[in-house]
Structure formats: structure tokens, C-alpha cells
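data.cif, holding mmCIF, C-alpha atoms:
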```cif
data_protein
#
loop_
_atom_site.group_PDB
_atom_site.id
_atom_site.type_symbol
_atom_site.label_atom_id
_atom_site.label_comp_id
_atom_site.auth_asym_id
_atom_site.auth_seq_id
_atom_site.Cartn_x
_atom_site.Cartn_y
_atom_site.Cartn_z
ATOM 1 C CA MET A 1 -21.205 -13.073 3.742
ATOM 2 C CA ASN A 2 -20.031 -13.312 7.356
ATOM 3 C CA VAL A 3 -16.280 -12.776 7.482
ATOM 4 C CA GLU A 4 -15.672 -12.480 11.237
ATOM 5 C CA SER A 5 -14.956 -16.190 11.789
ATOM 6 C CA PHE A 6 -12.594 -16.125 8.798
ATOM 7 C CA LEU A 7 -10.720 -13.111 10.174
ATOM 8 C CA ARG A 8 -10.393 -14.778 13.590
ATOM 9 C CA TYR A 9 -9.027 -17.856 11.829
ATOM 10 C CA LEU A 10 -6.387 -15.757 10.061
ATOM 11 C CA ARG A 11 -5.394 -13.901 13.228
ATOM 12 C CA TYR A 12 -5.360 -16.672 15.814
ATOM 13 C CA GLU A 13 -4.881 -19.910 13.902
ATOM 14 C CA LYS A 14 -2.772 -18.759 10.945
ATOM 15 C CA ASN A 15 -1.044 -16.104 13.098
ATOM 16 C CA TYR A 16 -1.344 -13.397 10.448
ATOM 17 C CA SER A 17 -0.453 -9.914 11.649
ATOM 18 C CA SER A 18 -3.258 -7.519 12.561
ATOM 19 C CA TYR A 19 -2.044 -5.361 9.668
ATOM 20 C CA THR A 20 -2.589 -8.204 7.144
ATOM 21 C CA VAL A 21 -5.959 -9.174 8.637
ATOM 22 C CA LEU A 22 -7.125 -5.572 8.260
ATOM 23 C CA PHE A 23 -6.299 -5.688 4.530
ATOM 24 C CA TYR A 24 -8.299 -8.920 4.137
ATOM 25 C CA LYS A 25 -11.239 -7.348 5.973
ATOM 26 C CA LYS A 26 -11.259 -4.239 3.781
ATOM 27 C CA ASP A 27 -10.968 -6.256 0.544
ATOM 28 C CA LEU A 28 -13.866 -8.541 1.470
ATOM 29 C CA GLU A 29 -16.047 -5.616 2.569
ATOM 30 C CA GLN A 30 -15.358 -3.874 -0.743
ATOM 31 C CA PHE A 31 -16.524 -6.952 -2.640
ATOM 32 C CA VAL A 32 -19.712 -7.149 -0.581
ATOM 33 C CA GLU A 33 -20.487 -3.475 -1.280
ATOM 34 C CA PHE A 34 -19.770 -3.893 -4.981
ATOM 35 C CA ARG A 35 -22.086 -6.885 -5.258
ATOM 36 C CA ARG A 36 -24.895 -5.079 -3.431
ATOM 37 C CA GLY A 37 -24.707 -2.343 -6.029
ATOM 38 C CA LEU A 38 -24.572 -4.920 -8.814
ATOM 39 C CA ARG A 39 -27.699 -6.917 -8.056
ATOM 40 C CA SER A 40 -30.775 -6.460 -5.876
ATOM 41 C CA ASP A 41 -30.822 -10.111 -4.741
ATOM 42 C CA ALA A 42 -27.201 -10.029 -3.483
ATOM 43 C CA GLU A 43 -28.202 -10.884 0.086
ATOM 44 C CA VAL A 44 -29.959 -14.130 -0.823
ATOM 45 C CA MET A 45 -28.273 -15.404 -3.990
ATOM 46 C CA PRO A 46 -24.914 -17.228 -3.809
ATOM 47 C CA VAL A 47 -21.867 -15.518 -5.262
ATOM 48 C CA GLU A 48 -21.087 -16.588 -8.833
ATOM 49 C CA SER A 49 -17.906 -16.465 -10.882
ATOM 50 C CA ASP A 50 -19.430 -13.695 -13.023
ATOM 51 C CA ASP A 51 -19.736 -11.536 -9.896
ATOM 52 C CA VAL A 52 -16.019 -11.906 -9.321
ATOM 53 C CA ARG A 53 -15.203 -11.190 -12.980
ATOM 54 C CA ASN A 54 -17.366 -8.068 -12.926
ATOM 55 C CA TRP A 55 -15.576 -6.893 -9.798
ATOM 56 C CA ILE A 56 -12.216 -7.314 -11.539
ATOM 57 C CA ILE A 57 -13.481 -5.251 -14.485
ATOM 58 C CA SER A 58 -14.785 -2.556 -12.120
ATOM 59 C CA LEU A 59 -11.504 -2.361 -10.204
ATOM 60 C CA SER A 60 -9.564 -2.153 -13.448
ATOM 61 C CA GLU A 61 -11.800 0.666 -14.726
ATOM 62 C CA GLN A 62 -11.066 2.553 -11.503
ATOM 63 C CA GLY A 63 -7.397 2.507 -12.494
ATOM 64 C CA MET A 64 -6.313 -0.036 -9.903
ATOM 65 C CA SER A 65 -3.046 -1.835 -10.660
ATOM 66 C CA PRO A 66 -3.095 -5.541 -11.629
ATOM 67 C CA ARG A 67 -1.038 -6.283 -8.524
ATOM 68 C CA THR A 68 -3.608 -4.694 -6.186
ATOM 69 C CA ILE A 69 -6.488 -6.411 -7.983
ATOM 70 C CA SER A 70 -4.718 -9.764 -7.653
ATOM 71 C CA ARG A 71 -4.299 -9.190 -3.923
ATOM 72 C CA LYS A 72 -8.005 -8.471 -3.499
ATOM 73 C CA ILE A 73 -9.027 -11.550 -5.463
ATOM 74 C CA SER A 74 -6.556 -13.613 -3.439
ATOM 75 C CA ALA A 75 -8.331 -12.490 -0.260
ATOM 76 C CA LEU A 76 -11.664 -13.523 -1.769
ATOM 77 C CA ARG A 77 -10.258 -16.893 -2.848
ATOM 78 C CA SER A 78 -8.876 -17.559 0.641
ATOM 79 C CA TYR A 79 -12.223 -16.716 2.203
ATOM 80 C CA TYR A 80 -14.079 -19.167 -0.014
ATOM 81 C CA LYS A 81 -11.524 -21.903 0.607
ATOM 82 C CA PHE A 82 -12.181 -21.386 4.320
ATOM 83 C CA VAL A 83 -15.995 -21.518 4.141
ATOM 84 C CA GLN A 84 -15.793 -24.418 1.666
ATOM 85 C CA SER A 85 -13.679 -26.404 4.139
ATOM 86 C CA ARG A 86 -16.384 -25.814 6.768
ATOM 87 C CA GLY A 87 -19.093 -27.055 4.442
ATOM 88 C CA GLU A 88 -20.816 -23.675 4.242
ATOM 89 C CA VAL A 89 -20.592 -23.545 0.433
ATOM 90 C CA VAL A 90 -20.182 -26.231 -2.203
ATOM 91 C CA ASP A 91 -18.392 -24.295 -4.940
ATOM 92 C CA ASN A 92 -15.649 -21.699 -4.795
ATOM 93 C CA PRO A 93 -16.718 -18.946 -7.234
ATOM 94 C CA VAL A 94 -13.148 -17.689 -7.588
ATOM 95 C CA VAL A 95 -11.853 -20.960 -9.049
ATOM 96 C CA GLY A 96 -11.249 -20.559 -12.782
ATOM 97 C CA VAL A 97 -11.395 -16.761 -12.710
ATOM 98 C CA LYS A 98 -8.426 -15.356 -14.612
ATOM 99 C CA LEU A 99 -6.488 -12.572 -12.962
ATOM 100 C CA PRO A 100 -5.049 -9.588 -14.823
ATOM 101 C CA LYS A 101 -1.424 -10.061 -15.800
ATOM 102 C CA THR A 102 1.000 -8.329 -13.479
ATOM 103 C CA ARG A 103 4.332 -6.896 -14.471
ATOM 104 C CA LYS A 104 7.218 -8.071 -12.371
ATOM 105 C CA THR A 105 8.857 -5.020 -10.858
ATOM 106 C CA LEU A 106 12.085 -4.970 -8.887
ATOM 107 C CA PRO A 107 11.793 -3.851 -5.272
ATOM 108 C CA SER A 108 12.645 -0.213 -4.626
ATOM 109 C CA PHE A 109 15.790 0.333 -2.581
ATOM 110 C CA VAL A 110 18.064 3.137 -1.427
ATOM 111 C CA ARG A 111 21.745 2.936 -2.361
ATOM 112 C CA PRO A 112 24.208 2.344 0.503
ATOM 113 C CA GLU A 113 25.963 5.684 0.008
ATOM 114 C CA ARG A 114 22.642 7.500 0.458
ATOM 115 C CA MET A 115 21.901 5.554 3.636
ATOM 116 C CA GLU A 116 25.387 6.346 4.939
ATOM 117 C CA GLN A 117 24.729 10.034 4.285
ATOM 118 C CA LEU A 118 21.469 9.813 6.231
ATOM 119 C CA LEU A 119 22.681 7.755 9.177
ATOM 120 C CA ASP A 120 26.022 9.529 9.620
ATOM 121 C CA ALA A 121 24.436 12.974 9.931
ATOM 122 C CA ASP A 122 24.602 14.508 13.409
ATOM 123 C CA VAL A 123 21.577 14.217 15.662
ATOM 124 C CA SER A 124 21.096 15.832 19.057
ATOM 125 C CA VAL A 125 21.488 13.371 21.943
ATOM 126 C CA ASP A 126 19.328 15.710 24.046
ATOM 127 C CA ASP A 127 16.248 15.212 21.865
ATOM 128 C CA PHE A 128 14.687 11.852 22.722
ATOM 129 C CA GLU A 129 12.334 11.681 19.738
ATOM 130 C CA LEU A 130 14.961 12.690 17.163
ATOM 131 C CA MET A 131 17.366 10.116 18.584
ATOM 132 C CA ARG A 132 14.656 7.445 18.626
ATOM 133 C CA ASP A 133 13.573 8.175 15.058
ATOM 134 C CA ARG A 134 17.148 7.977 13.752
ATOM 135 C CA LEU A 135 17.640 4.634 15.521
ATOM 136 C CA ILE A 136 14.379 3.292 14.036
ATOM 137 C CA VAL A 137 15.643 4.025 10.516
ATOM 138 C CA ALA A 138 19.082 2.558 11.315
ATOM 139 C CA MET A 139 17.638 -0.590 12.842
ATOM 140 C CA LEU A 140 15.260 -1.249 9.933
ATOM 141 C CA TYR A 141 18.112 -0.771 7.458
ATOM 142 C CA GLU A 142 20.800 -2.667 9.377
ATOM 143 C CA THR A 143 18.689 -5.680 10.406
ATOM 144 C CA GLY A 144 16.095 -5.973 7.620
ATOM 145 C CA MET A 145 13.278 -6.518 10.101
ATOM 146 C CA ARG A 146 9.665 -5.820 9.220
ATOM 147 C CA ARG A 147 7.722 -2.832 10.532
ATOM 148 C CA ALA A 148 5.455 -5.050 12.676
ATOM 149 C CA GLU A 149 8.512 -6.805 14.101
ATOM 150 C CA LEU A 150 10.062 -3.487 15.074
ATOM 151 C CA ILE A 151 6.851 -2.293 16.744
ATOM 152 C CA GLY A 152 6.598 -5.532 18.735
ATOM 153 C CA LEU A 153 10.306 -5.626 19.642
ATOM 154 C CA GLN A 154 10.645 -5.996 23.408
ATOM 155 C CA ASP A 155 13.429 -4.407 25.403
ATOM 156 C CA VAL A 156 14.643 -7.742 26.807
ATOM 157 C CA ALA A 157 14.974 -9.058 23.237
ATOM 158 C CA VAL A 158 17.782 -6.604 22.441
ATOM 159 C CA ASP A 159 21.054 -7.975 23.872
ATOM 160 C CA ASN A 160 23.577 -5.200 23.464
ATOM 161 C CA ASN A 161 26.386 -7.302 24.911
ATOM 162 C CA THR A 162 26.234 -9.974 22.212
ATOM 163 C CA CYS A 163 24.906 -7.551 19.550
ATOM 164 C CA GLU A 164 21.913 -9.770 18.830
ATOM 165 C CA LEU A 165 18.191 -9.179 18.891
ATOM 166 C CA ARG A 166 15.255 -11.573 18.793
ATOM 167 C CA VAL A 167 12.204 -10.726 16.698
ATOM 168 C CA LEU A 168 8.862 -12.452 16.435
ATOM 169 C CA GLY A 169 8.066 -12.777 12.736
ATOM 170 C CA LYS A 170 5.158 -14.075 10.713
ATOM 171 C CA ARG A 171 3.284 -17.022 12.179
ATOM 172 C CA ASN A 172 4.988 -16.319 15.517
ATOM 173 C CA LYS A 173 8.307 -17.631 14.250
ATOM 174 C CA GLU A 174 11.204 -16.243 16.265
ATOM 175 C CA ARG A 175 14.602 -15.512 14.743
ATOM 176 C CA VAL A 176 17.848 -13.989 15.956
ATOM 177 C CA ILE A 177 19.440 -11.116 14.010
ATOM 178 C CA PRO A 178 23.017 -9.941 14.652
ATOM 179 C CA TYR A 179 24.008 -6.290 14.379
ATOM 180 C CA GLY A 180 27.188 -4.228 14.293
ATOM 181 C CA ARG A 181 29.161 -1.930 16.588
ATOM 182 C CA GLN A 182 27.680 1.331 15.307
ATOM 183 C CA LEU A 183 24.175 0.121 16.076
ATOM 184 C CA GLN A 184 25.408 -1.142 19.456
ATOM 185 C CA GLU A 185 26.625 2.338 20.368
ATOM 186 C CA ALA A 186 23.419 3.988 19.154
ATOM 187 C CA ILE A 187 21.299 1.508 21.145
ATOM 188 C CA SER A 188 23.295 2.200 24.300
ATOM 189 C CA VAL A 189 22.833 5.968 24.003
ATOM 190 C CA TYR A 190 19.124 5.628 23.126
ATOM 191 C CA ARG A 191 18.394 3.285 26.038
ATOM 192 C CA ALA A 192 19.971 5.663 28.518
ATOM 193 C CA LYS A 193 17.966 8.610 27.160
ATOM 194 C CA ARG A 194 14.731 6.592 26.973
ATOM 195 C CA ASN A 195 15.035 5.430 30.583
ATOM 196 C CA GLU A 196 15.711 9.011 31.649
ATOM 197 C CA VAL A 197 12.733 10.485 29.745
ATOM 198 C CA VAL A 198 10.211 7.642 29.806
ATOM 199 C CA GLY A 199 11.495 5.127 32.348
ATOM 200 C CA GLU A 200 12.053 1.419 31.881
ATOM 201 C CA THR A 201 9.555 -0.085 29.465
ATOM 202 C CA LYS A 202 8.429 -3.423 28.077
ATOM 203 C CA TYR A 203 8.868 -2.341 24.464
ATOM 204 C CA PHE A 204 12.184 -1.219 23.048
ATOM 205 C CA PHE A 205 10.744 1.668 21.026
ATOM 206 C CA VAL A 206 8.148 3.816 22.780
ATOM 207 C CA ARG A 207 6.537 7.228 22.657
ATOM 208 C CA LYS A 208 7.009 9.843 25.381
ATOM 209 C CA ASN A 209 3.710 8.755 26.965
ATOM 210 C CA THR A 210 5.221 5.239 27.467
ATOM 211 C CA MET A 211 2.904 3.743 24.827
ATOM 212 C CA PRO A 212 4.369 1.575 22.039
ATOM 213 C CA MET A 213 4.815 2.776 18.485
ATOM 214 C CA TYR A 214 2.162 2.170 15.792
ATOM 215 C CA ASP A 215 2.136 1.528 12.026
ATOM 216 C CA LYS A 216 1.410 5.034 10.736
ATOM 217 C CA LEU A 217 3.937 6.659 13.056
ATOM 218 C CA ILE A 218 6.729 4.338 11.893
ATOM 219 C CA TYR A 219 5.753 4.998 8.276
ATOM 220 C CA ASN A 220 5.870 8.769 8.793
ATOM 221 C CA ILE A 221 9.261 8.601 10.495
ATOM 222 C CA VAL A 222 10.787 6.577 7.644
ATOM 223 C CA HIS A 223 9.075 8.562 4.892
ATOM 224 C CA ARG A 224 10.359 11.832 6.313
ATOM 225 C CA ALA A 225 13.909 10.502 6.752
ATOM 226 C CA LEU A 226 14.180 8.961 3.280
ATOM 227 C CA GLY A 227 12.838 12.167 1.778
ATOM 228 C CA GLU A 228 16.123 13.807 2.824
ATOM 229 C CA VAL A 229 18.275 11.507 0.658
ATOM 230 C CA SER A 230 16.044 9.817 -1.917
ATOM 231 C CA THR A 231 13.704 10.755 -4.749
ATOM 232 C CA LEU A 232 11.998 7.351 -4.775
ATOM 233 C CA ALA A 233 8.222 7.438 -5.094
ATOM 234 C CA LYS A 234 8.044 4.838 -2.333
ATOM 235 C CA LYS A 235 9.638 5.773 0.977
ATOM 236 C CA SER A 236 8.167 3.143 3.265
ATOM 237 C CA PRO A 237 9.709 0.956 6.001
ATOM 238 C CA HIS A 238 9.654 -1.937 3.529
ATOM 239 C CA VAL A 239 12.019 -0.004 1.241
ATOM 240 C CA LEU A 240 14.585 -0.213 4.054
ATOM 241 C CA ARG A 241 14.074 -3.981 4.202
ATOM 242 C CA HIS A 242 14.689 -4.133 0.438
ATOM 243 C CA SER A 243 17.754 -1.919 0.866
ATOM 244 C CA PHE A 244 19.138 -4.220 3.559
ATOM 245 C CA ALA A 245 18.729 -7.318 1.365
ATOM 246 C CA SER A 246 20.235 -5.774 -1.765
ATOM 247 C CA ALA A 247 23.184 -4.326 0.191
ATOM 248 C CA MET A 248 23.890 -7.710 1.803
ATOM 249 C CA LEU A 249 23.844 -9.569 -1.519
ATOM 250 C CA ASN A 250 25.882 -6.913 -3.312
ATOM 251 C CA ASP A 251 28.534 -7.216 -0.611
ATOM 252 C CA GLY A 252 28.792 -10.980 -1.086
ATOM 253 C CA ALA A 253 26.409 -12.458 1.496
ATOM 254 C CA GLY A 254 24.985 -15.862 0.589
ATOM 255 C CA ILE A 255 21.345 -15.934 -0.455
ATOM 256 C CA ASN A 256 20.497 -18.558 2.175
ATOM 257 C CA SER A 257 21.961 -16.337 4.899
ATOM 258 C CA VAL A 258 19.901 -13.377 3.693
ATOM 259 C CA LYS A 259 16.818 -15.598 3.604
ATOM 260 C CA GLU A 260 17.284 -16.509 7.281
ATOM 261 C CA LEU A 261 17.967 -12.915 8.311
ATOM 262 C CA LEU A 262 14.802 -11.717 6.547
ATOM 263 C CA GLY A 263 12.721 -14.545 7.980
ATOM 264 C CA HIS A 264 11.476 -15.712 4.592
ATOM 265 C CA SER A 265 9.752 -19.096 4.605
ATOM 266 C CA SER A 266 10.990 -19.961 1.111
ATOM 267 C CA LEU A 267 14.009 -19.098 -0.988
ATOM 268 C CA ALA A 268 11.751 -17.858 -3.797
ATOM 269 C CA SER A 269 10.872 -14.770 -1.734
ATOM 270 C CA THR A 270 14.556 -13.892 -1.380
ATOM 271 C CA GLU A 271 15.552 -14.603 -4.979
ATOM 272 C CA VAL A 272 13.904 -11.403 -6.218
ATOM 273 C CA TYR A 273 16.824 -9.501 -4.698
ATOM 274 C CA THR A 274 19.298 -11.368 -6.893
ATOM 275 C CA HIS A 275 17.763 -9.501 -9.838
ATOM 276 C CA ILE A 276 18.726 -6.245 -8.154
ATOM 277 C CA THR A 277 22.309 -7.430 -7.707
ATOM 278 C CA PHE A 278 22.427 -8.518 -11.343
ATOM 279 C CA GLU A 279 21.271 -5.081 -12.475
ATOM 280 C CA GLU A 280 23.966 -3.566 -10.253
ATOM 281 C CA LEU A 281 26.562 -5.828 -11.857
ATOM 282 C CA LYS A 282 25.424 -4.814 -15.336
ATOM 283 C CA GLN A 283 25.729 -1.135 -14.451
ATOM 284 C CA SER A 284 29.181 -1.683 -12.930
ATOM 285 C CA TYR A 285 30.279 -3.525 -16.065
ATOM 286 C CA LYS A 286 29.037 -0.777 -18.358
ATOM 287 C CA GLN A 287 30.792 1.882 -16.300
ATOM 288 C CA ALA A 288 34.057 0.021 -15.773
ATOM 289 C CA HIS A 289 34.802 -2.021 -18.894
ATOM 290 C CA PRO A 290 36.405 0.006 -21.692
ATOM 291 C CA ARG A 291 34.502 -1.820 -24.435
ATOM 292 C CA ALA A 292 31.133 -2.164 -22.713
ATOM 293 C CA GLU A 293 29.601 0.866 -24.457
ATOM 294 C CA LYS A 294 31.820 0.847 -27.576
ATOM 295 C CA LYS A 295 29.760 1.021 -30.767
ATOM 296 C CA GLY A 296 30.577 -0.289 -34.215
ATOM 297 C CA GLY A 297 33.395 -2.743 -34.885
ATOM 298 C CA HIS A 298 34.946 -4.775 -37.699
ATOM 299 C CA TYR A 299 33.592 -8.253 -37.003
ATOM 300 C CA GLY A 300 32.614 -10.147 -40.157
ATOM 301 C CA ARG A 301 34.511 -7.851 -42.518
#
```
Can you give me the file's structure in the form of C-alpha cells?
Amino acid sequence: MNVESFLRYLRYEKNYSSYTVLFYKKDLEQFVEFRRGLRSDAEVMPVESDDVRNWIISLSEQGMSPRTISRKISALRSYYKFVQSRGEVVDNPVVGVKLPKTRKTLPSFVRPERMEQLLDADVSVDDFELMRDRLIVAMLYETGMRRAELIGLQDVAVDNNTCELRVLGKRNKERVIPYGRQLQEAISVYRAKRNEVVGETKYFFVRKNTMPMYDKLIYNIVHRALGEVSTLAKKSPHVLRHSFASAMLNDGAGINSVKELLGHSSLASTEVYTHITFEELKQSYKQAHPRAEKKGGHYGR
């Protein structure tokens, strides 16, 4: 099972992020290792549907969630579609294999008042890294951009005069995101400090050694910051993206506008956030309407 050509296809033809390609690589390598332990002739015999089913059972017995298992099987399915299209195999062994049922869970998000508490707290303008880290959290929350988009954000793409920034999203699709006056002020102060400490750079966010940021560092910055105001189990950069979307919809933004700001390719990806707003509406109703929680009554008597 040679996956290198498939991974190159994902990275350079499908324009998947290096982060996504790494997940595909790990999932496929895990399947190969599992199959080697399953049968002695794994290197010479073609993969069968039963191999895939046994892998699903094994992953489930390890306590892996249905969602994670589905992602791994999706990677395997995509690989076999690729090699099938090149004529390297006749049958796709993943076709017809049933996946474990996944529960639909609402995205985790931080309430606006908690984010206000976090972002309005004082931070020393003399400490470059503290100032940078606060701006990273603010920018993720106030623009909804992805972690990879923030890491790749170039300095010339941030126009602080028009309060707009250009990000390169999935499949190299560029979009323009507006931002507000508070972020404009924070960007101005950060840029001045960055140029003083580091010098002018290609990337907007950098480390003191002039090198760009990286995935784990951004995760740690966000996780640490959200830990100050939230008890959520998840405290990742993506939670800030969810928080941006839910805040926008709760404040009356149109779903199509939010879709464009997030860079979603289809409306279905954005619609999940409408469930959050509906839950918020239900809670507001229960708290505000005098008869929402009233028990009993005389109907039908």
C-alpha cells in the first residue's frame, strides 16, 4: 500500500492543508499496521471488505469515538477511490462497509461575555509575546479564520486603513474579511512593537526569532487563554471559530454572510450554527417568558 502519490495528490492537486494531509497519512499507516498484525499474507493479498470491518471493530474496542472512526474510514475510502481511478485496483474494499452511527453534537463555543472579559483585560504593551498572543486570540474570535489561515497570514494582507484582511483558505481560495476598530487599534500597536523587536517580516504573526508561528504553538496560546474564562473540555482555536459564527448569528447576521466570512464551500457547513442560535433562543424564552416554566394548568377541565 503505497500512499505517497496519494498524499501528493491531496496536497498539490486538491490543495489540502499540510495539517489535513498529515491526518490522512497517519490514518492510512494505522490501517496498514493493523492489517499486518491481522494476517501474515498482508503484503501480498489485496485488501478485502472484511479487513476494513475488522479494523472498525478494533478501533471501537479501543474506545475510539464513532466520529473518529468515520474519519479514518473516510481517509481509507478516499485512498481507494484514488488508486481505483488510476487503474491500480479493480474494487474498492470500503464500498458497502457500514460505519458506526455518530451522534450529532453542537459545536463548542464560548459566550460573548466571557470573550469580552478575556479580551478587555489589560496586557502589557512592553511584552511582545503577551501582546501577540492576545491579538491572536482576538483575531481568531473576531474574524472566524482558521488556524492554518492565521499562521499563513502575510503582513501585506492586513490593511489597517480599510480594516480588511485577505486570507488564503482551503483549496487556495482567497477571501476578504472585515474587522472592527478595536482590532484595528490592537493591530497598530502590535505592528509597531513587532517591528521594533523583530523587524519587518513577511508573516503577520511571528516568533522572536523571526520564524512564523506553527500549529502546536497557536493551540497552546488559545488553550491557555480560554482556560482563564471557560470550563469547556475543548479549548482549541476552532472553538473560537465556532464562537465567532454563533455570536454573528445570535446578533442577527444572515447565514449567507456568515458562510462567506467563514469560507465555507456549502451552506450545509454553516447551518450547524443555526442550531446553536435556536438553543440560545429557547434558553432566552425560558428565562424571560413568565409562563415558560409554569407547571400545571386548567386546560381540559
Polymer residues at most 8 Å from (-18.8, -21.2, -5.8) by all atoms listed in the file, as a list in words: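 The residues near that point, listed by chain and number, are Pro46, Val47, Glu48, Ser49, Tyr80, Val89, Val90, Asp91, Asn92, Pro93, Val94 and Val95 of chain A.
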Chain and number of each residue from the PyMOL selection byres ((chain A and resi 218-232) around 9), as a ChimeraX atom specification: /A:108-111,114-115,117-118,133-134,136-137,147,151,213-217,233-237,240
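Each of A:Arg8, A:His238, A:Arg191, A:Arg36 was compared to Met131 of chain A using only C-alpha atoms, and A:Arg191 turns out to be the nearest.
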For atom CA of Val125 of chain A and atom CA of Phe204 of chain A, the interatomic separation in Å (one decimal): 17.3 Å
Atom CA of Leu153 of chain A to atom CA of Val167 of chain A, straight-line distance in Å: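 Between atom CA of Val167 of chain A and atom CA of Leu153 of chain A the gap works out to 6.2 Å.
Each of A:Ile69, A:Ile56, A:Leu130, A:Val21 was compared to Phe34 of chain A using all atoms listed in the file, and A:Ile56 turns out to be the nearest.
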Neighbours of Glu260 of chain A within 12 Å (only C-alpha atoms; same-chain residues fewer than 3 positions away dropped), as a JSON list (two decimals) with C-alpha atoms, in the frame of the given file?
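And here is the file that came out, result.json:
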```json
[["chain", "number", "residue", "atom", "x", "y", "z"],
["A", 143, "THR", "CA", 18.69, -5.68, 10.41],
["A", 144, "GLY", "CA", 16.10, -5.97, 7.62],
["A", 145, "MET", "CA", 13.28, -6.52, 10.10],
["A", 169, "GLY", "CA", 8.07, -12.78, 12.74],
["A", 173, "LYS", "CA", 8.31, -17.63, 14.25],
["A", 174, "GLU", "CA", 11.20, -16.24, 16.26],
["A", 175, "ARG", "CA", 14.60, -15.51, 14.74],
["A", 176, "VAL", "CA", 17.85, -13.99, 15.96],
["A", 177, "ILE", "CA", 19.44, -11.12, 14.01],
["A", 178, "PRO", "CA", 23.02, -9.94, 14.65],
["A", 245, "ALA", "CA", 18.73, -7.32, 1.36],
["A", 253, "ALA", "CA", 26.41, -12.46, 1.50],
["A", 254, "GLY", "CA", 24.98, -15.86, 0.59],
["A", 255, "ILE", "CA", 21.34, -15.93, -0.46],
["A", 256, "ASN", "CA", 20.50, -18.56, 2.17],
["A", 257, "SER", "CA", 21.96, -16.34, 4.90],
["A", 263, "GLY", "CA", 12.72, -14.54, 7.98],
["A", 264, "HIS", "CA", 11.48, -15.71, 4.59],
["A", 265, "SER", "CA", 9.75, -19.10, 4.61],
["A", 266, "SER", "CA", 10.99, -19.96, 1.11],
["A", 267, "LEU", "CA", 14.01, -19.10, -0.99],
["A", 269, "SER", "CA", 10.87, -14.77, -1.73],
["A", 270, "THR", "CA", 14.56, -13.89, -1.38]]
```
Polymer residues at most 10 Å from Arg11 of chain A, only C-alpha atoms, same-chain spacing of 5 or more positions, as a ChimeraX atom specification: /A:5-6,16-22,171
Since we have the selection now, will you write its residues out, keeping C-alpha atoms, as a CSV table (one decimal), keeping the file's coordinate frame?
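Output saved as selection.csv:
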```csv
chain,number,residue,atom,x,y,z
A,5,SER,CA,-15.0,-16.2,11.8
A,6,PHE,CA,-12.6,-16.1,8.8
A,16,TYR,CA,-1.3,-13.4,10.4
A,17,SER,CA,-0.5,-9.9,11.6
A,18,SER,CA,-3.3,-7.5,12.6
A,19,TYR,CA,-2.0,-5.4,9.7
A,20,THR,CA,-2.6,-8.2,7.1
A,21,VAL,CA,-6.0,-9.2,8.6
A,22,LEU,CA,-7.1,-5.6,8.3
A,171,ARG,CA,3.3,-17.0,12.2
```
Point-to-point distance from atom CA of Lys72 of chain A to atom CA of Leu262 of chain A, Å rounded to tenths: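 Interatomic distance, atom CA of Lys72 of chain A to atom CA of Leu262 of chain A: 25.1 Å.
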Selected residue, from A:Glu271, A:Asp251, A:Glu164, A:Glu4, that lies nearest to Phe82 of chain A when counting all atoms listed in the file: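 Of A:Glu271, A:Asp251, A:Glu164, A:Glu4, the one nearest Phe82 of chain A is A:Glu4, counting all atoms listed in the file.
Run against this file, the PyMOL selection byres ((chain A and resi 183) around 9) gives back Leu135, Ala138, Met139, Glu142, Cys163, Tyr179, Gly180, Arg181, Gln182, Gln184, Glu185, Ala186, Ile187 and Ser188 of chain A.
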A:Leu150, A:Leu99, A:Leu261, A:Val32 ranked by distance to Arg67 of chain A, top pick (using all atoms listed in the file):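 Ranking A:Leu150, A:Leu99, A:Leu261, A:Val32 by distance to Arg67 of chain A, first place goes to A:Leu99.
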